[in-house]
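Step one of this worksheet: look at the structure below.
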Amino acid sequence: MTTQFPNPANAPQSTRTVPLSYRCYRGAVVLTAVLILLFACLGAAGHGPLHALGEPTSTAIDWVKAQMRTSE
Amino acid sequence: MDDTRTYTIIADILVSAVGIGVLVAAGIAVAAIIAAYLRPVTSLDPATAPETGTGSTADPAWPNYFRCQWQLDAEIFRSTVLRLYRAGYDRWWAKFPVFVVGWPVLFAAGLFLGFLSAIVFVACGVVRIAGELAYWFTVAGIRLADLLHAKSRRAEASCPTCFEVMDRPAYTCPGCGVLHRDIRPGRRGSIYRACVCGHRLPTGVLRAAWTLDAVCQHCGAAVHHGAAVLQDVRVPVFGEPHAGKTRLIYAGFRHLIALAETHDVPVTFPDDSSRDRAEAGLRQIAGDQRTTKTDWALERPLTCQLGTGIRGALLHVFDAAGERFRGAGGHDDLHYLNDGHTLVFAVDPFAIPGLRQFMAGLKASELRDEHMPVYPRNPEEAYGEVVSRIRTAGAETKRQRLAIVVTKADILAVLDVETPEDSEGVKTWLYENGMHNVVLAAEREFKEVRYFAVASVGTPDPAETRHRAEAPFLWALTSRGFTGLGPSSTSGATPVRDESEAVV
């Protein structure tokens with residue numbers, strides 16, 4: 001029994017589906033980006049993990065408030 | 001209008017501009033993320049992917065995400081962000097009111113978009129570092145397992161059609177039938193690889209061997225299930241016509257199967273050709289009938305699988321008509337001789353010069369006359385043909401073992417000719433009966449030589465431990481490290497594991 005060697009260029013284009021690993025990696029990129037953004041926002045609001053380690057001195061929002069008070 | 005009110009209006013406009021800019025930037029970033037990372041389609045064509053590396057390059061499978069698609073996705077994200085942001089300048093609302101609202105909005109959007117893009121690229125970097133680490137650890141682990149198994153079990157794949165010996169066969173995709181020539185994990189996938197048709201294939205020979213159909217890398221013919229994982233033991237049998245090669249093979253198999261049963265080792269014939277021939281041959285042996293004369297045509301090996309799973313072995317025994325060893329034209333296509341681990345040289349005792357002389361002096365009998373060759377030819381000539389053929393092909397006999405097997409010991413016993421039972425005894429017996437040239441040459445030319453005298457009978461006395469037909473094959477198996485049937489009682493062979501033999 002001899003198997004014909006197929007030409008990869010003739011592979012069925014229409015039936016191609018993206019491998020599951022591609023979806024996983026892409027999902028991981030989006031999830032990581034969302035997490036980084038979330039932590040950045042939490043950090044700016046004084047609720048980030050760095051602030052949880054000790055007494056917060058000032059946050060980005062504190063700084064904005066201070067600037068607004070100064071302008072008033 | 002006082003100054004305070006003016007400042008308040010300007011401040012409100014600026015705050016609104018920043019707010020709108022942030023919203024615009026968030027919208028653009030989300031659109032770019034959807035375009036690059038959340039679409040179900042891909043811009044990569046796996047058949048023409050700019051893949052680098054060796055071996056797997058031609059395989060029709062999707063490359064690992066980080067090899068190619070990762071860059072494409074990042075580029076799609078970057079280009080989408082730039083395209084949408086630049087498009088903002090072309091919109092009427094971006095210029096109205098000119099320099100007052102449009103530009104501050106776009107300026108704020110640009111700043112925030114840069115921040116969001118930076119977050120996405122940092123996320124890409126984090127995922128890549130973590131993903132690459134996991135990926136290469138997995139690849140290294142699977143490859144190492146394959147390598148250690150192949151080295152320790154001496155696993156190879158051999159083609160029963162063209163006799164090519166390979167480290168690993170090619171595998172066909174169950175989905176579309178295309179060939180994957182290098183199934184090892186690598187740039188085309190770590191734990192699994194995705195065929196271009198989308199079918200998921202396991203990587204690594206240890207897993208692929210049991211789930212995919214294997215074919216020869218050289219000729220494309222089907223090879224045995226489990227090839228390159230099961231221990232591969234190749235035993236070519238050669239000798240003059242009527243030396244009893246075929247009978248030795250089937251008698252050996254019959255007794256090997258009986259021995260396997262006592263050790264609870266399952267024995268199967270993994271291909272139709274072997275199954276059919278074994279069925280007929282074993283029936284002839286069991287009935288003490290004559291075995292069918294082997295044709296001149298090239299035969300596939302008689303293959304049996306001993307044991308199951310990764311501890312099993314494939315024993316391939318190659319038979320050929322004795323006439324093929326009379327001149328180079330006959331054995332030119334017997335490529336399997338070069339790659340045989342243990343060669344079995346069947347010696348017809350009635351063709352041994354000293355014994356022939358002795359027989360001629362005996363009283364004429366039907367049994368003697370039946371077995372005395374009409375045109376006697378010294379068995380050493382077939383030996384010389386085979387050794388020359390192996391050397392001419394560039395192979396080294398020094399890496400092979402040789403079993404010199406004196407057949408028909410049962411007939412000699414009837415004629416009151418006693419044959420020794422141990423290897424040294426048979427060696428001396430052959431030496432003294434005119435086979436000294438073969439004995440001296442074989443010891444010099446082969447890695448290890450063992451001598452046997454066998455009776456290829458169908459139903460041997462269970463208590464009789466001498467002249468067992470399975471002894472040469474058992475030696476071939478044990479010397480390759482297969483100990484499932486215990487050491488060969490007649491040969492005393494012990495597994496030898498040296499590196500020089502691993503390449504045979």
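Simple scheme: letters A, B, ... for chains in structure tokens order, numbers from 1 for residues in each chain, numbers from 1 for ligands in the order shown.
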
Write out as CSV a residue-level contact list of chain B versus chain A with cut-off 7 Å: for each qualifying residue the closest pair of atoms and the distance in Å to one decimal, counting only C-alpha atoms, rows sorted by chain and residue number upward.
residue,atom,partner,partner_atom,distance
B:Tyr37,CA,A:Arg26,CA,5.2
B:Val41,CA,A:Val18,CA,6.5
B:Thr42,CA,A:Val18,CA,6.8
B:Ala47,CA,A:Ala9,CA,5.8
B:Pro60,CA,A:Pro8,CA,5.4
B:Tyr65,CA,A:Tyr22,CA,5.7
B:Ile119,CA,A:Ala33,CA,5.8
B:Val120,CA,A:Ala33,CA,5.2
B:Ala123,CA,A:Ala33,CA,5.0
B:Cys124,CA,A:Val29,CA,5.5
B:Val127,CA,A:Val29,CA,6.1
B:Val178,CA,A:Pro6,CA,5.6
B:Leu179,CA,A:Phe5,CA,6.7
B:Ala194,CA,A:Pro19,CA,6.1
B:Val196,CA,A:Arg16,CA,6.3
B:Cys197,CA,A:Arg16,CA,5.2
B:Gly198,CA,A:Thr17,CA,5.3
B:Gly220,CA,A:Thr3,CA,5.2
B:Ala221,CA,A:Thr2,CA,4.4
B:Ala222,CA,A:Met1,CA,6.3

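Going from CA of Thr483 in chain B to CA of Arg143 in chain B covers 25.8 Å.
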
Separation of CA of Thr397 in chain B from CA of Tyr383 in chain B, in Å and rounded to one decimal:
12.0 Å

Residues near Glu396 in chain B, anyone? I mean within 9 Å using only C-alpha atoms, not counting same-chain ones fewer than 2 positions away, as a PyMOL selection string.
chain B and resi 338+390-391+393-394+398-400+445-446+504

One decimal, Å: what's the distance from CA of Tyr171 in chain B over to CA of Asp232 in chain B, could you say?
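So the answer is 18.2 Å.
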
Of the listed residues B:Ala328, B:Ala455, B:Leu256, B:Val229, that which approaches Trp475 in chain B most closely, counting only C-alpha atoms:
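Nearest to Trp475 in chain B: B:Leu256.
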
For Asp271 in chain B, work out the shell of residues within 9 Å, counting only C-alpha atoms and skipping chain neighbours fewer than 6 positions away, then give it as an mmCIF file with all heavy atoms, in the first residue's frame.
data_model
loop_
_atom_site.group_PDB
_atom_site.id
_atom_site.type_symbol
_atom_site.label_atom_id
_atom_site.label_comp_id
_atom_site.auth_asym_id
_atom_site.auth_seq_id
_atom_site.Cartn_x
_atom_site.Cartn_y
_atom_site.Cartn_z
ATOM 1 N N HIS B 224 4.657 -0.396 10.390
ATOM 2 C CA HIS B 224 3.887 -1.006 11.467
ATOM 3 C C HIS B 224 3.461 0.000 12.527
ATOM 4 O O HIS B 224 4.185 0.954 12.818
ATOM 5 C CB HIS B 224 4.699 -2.137 12.112
ATOM 6 C CG HIS B 224 4.963 -3.266 11.174
ATOM 7 N ND1 HIS B 224 6.212 -3.548 10.669
ATOM 8 C CD2 HIS B 224 4.126 -4.162 10.612
ATOM 9 C CE1 HIS B 224 6.130 -4.575 9.850
ATOM 10 N NE2 HIS B 224 4.877 -4.974 9.796
ATOM 11 N N LEU B 302 8.764 -11.353 7.741
ATOM 12 C CA LEU B 302 7.750 -11.958 8.604
ATOM 13 C C LEU B 302 7.896 -11.252 9.948
ATOM 14 O O LEU B 302 8.918 -11.386 10.613
ATOM 15 C CB LEU B 302 8.007 -13.455 8.738
ATOM 16 C CG LEU B 302 6.982 -14.250 9.530
ATOM 17 C CD1 LEU B 302 5.661 -14.292 8.782
ATOM 18 C CD2 LEU B 302 7.472 -15.668 9.776
ATOM 19 N N THR B 303 6.891 -10.465 10.292
ATOM 20 C CA THR B 303 7.008 -9.615 11.476
ATOM 21 C C THR B 303 6.056 -10.064 12.565
ATOM 22 O O THR B 303 4.875 -10.310 12.287
ATOM 23 C CB THR B 303 6.695 -8.148 11.108
ATOM 24 O OG1 THR B 303 7.601 -7.735 10.092
ATOM 25 C CG2 THR B 303 6.830 -7.226 12.311
ATOM 26 N N CYS B 304 6.555 -10.171 13.753
ATOM 27 C CA CYS B 304 5.661 -10.415 14.888
ATOM 28 C C CYS B 304 5.969 -9.420 15.984
ATOM 29 O O CYS B 304 7.109 -8.966 16.134
ATOM 30 C CB CYS B 304 5.751 -11.853 15.383
ATOM 31 S SG CYS B 304 7.116 -12.202 16.457
#

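Comparing B:Leu343, B:Ile142, B:Leu306, B:Ala74 by their smallest distance to Val122 in chain B, the closest is B:Ala74 (using only C-alpha atoms).
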
Counting only C-alpha atoms, figure out which residue out of B:Glu240, B:Glu470, B:Glu448, B:Glu75 gets nearest to Tyr375 in chain B.
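Among the listed residues, B:Glu240 lies closest to Tyr375 in chain B.
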
Excluding range 131-137 of chain B and residues on its chain fewer than 3 positions from it, collect all residues at most 9 Å away from it, counting only C-alpha atoms, and give them as a list of chain:residue names.
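Contacts, with the query itself left out: A:Tyr25, B:Phe66, B:Val126, B:Val127, B:Arg128, B:Ala140, B:Gly141, B:Ile142, B:Gly186, B:Gly189, B:Ser190, B:Ile191.
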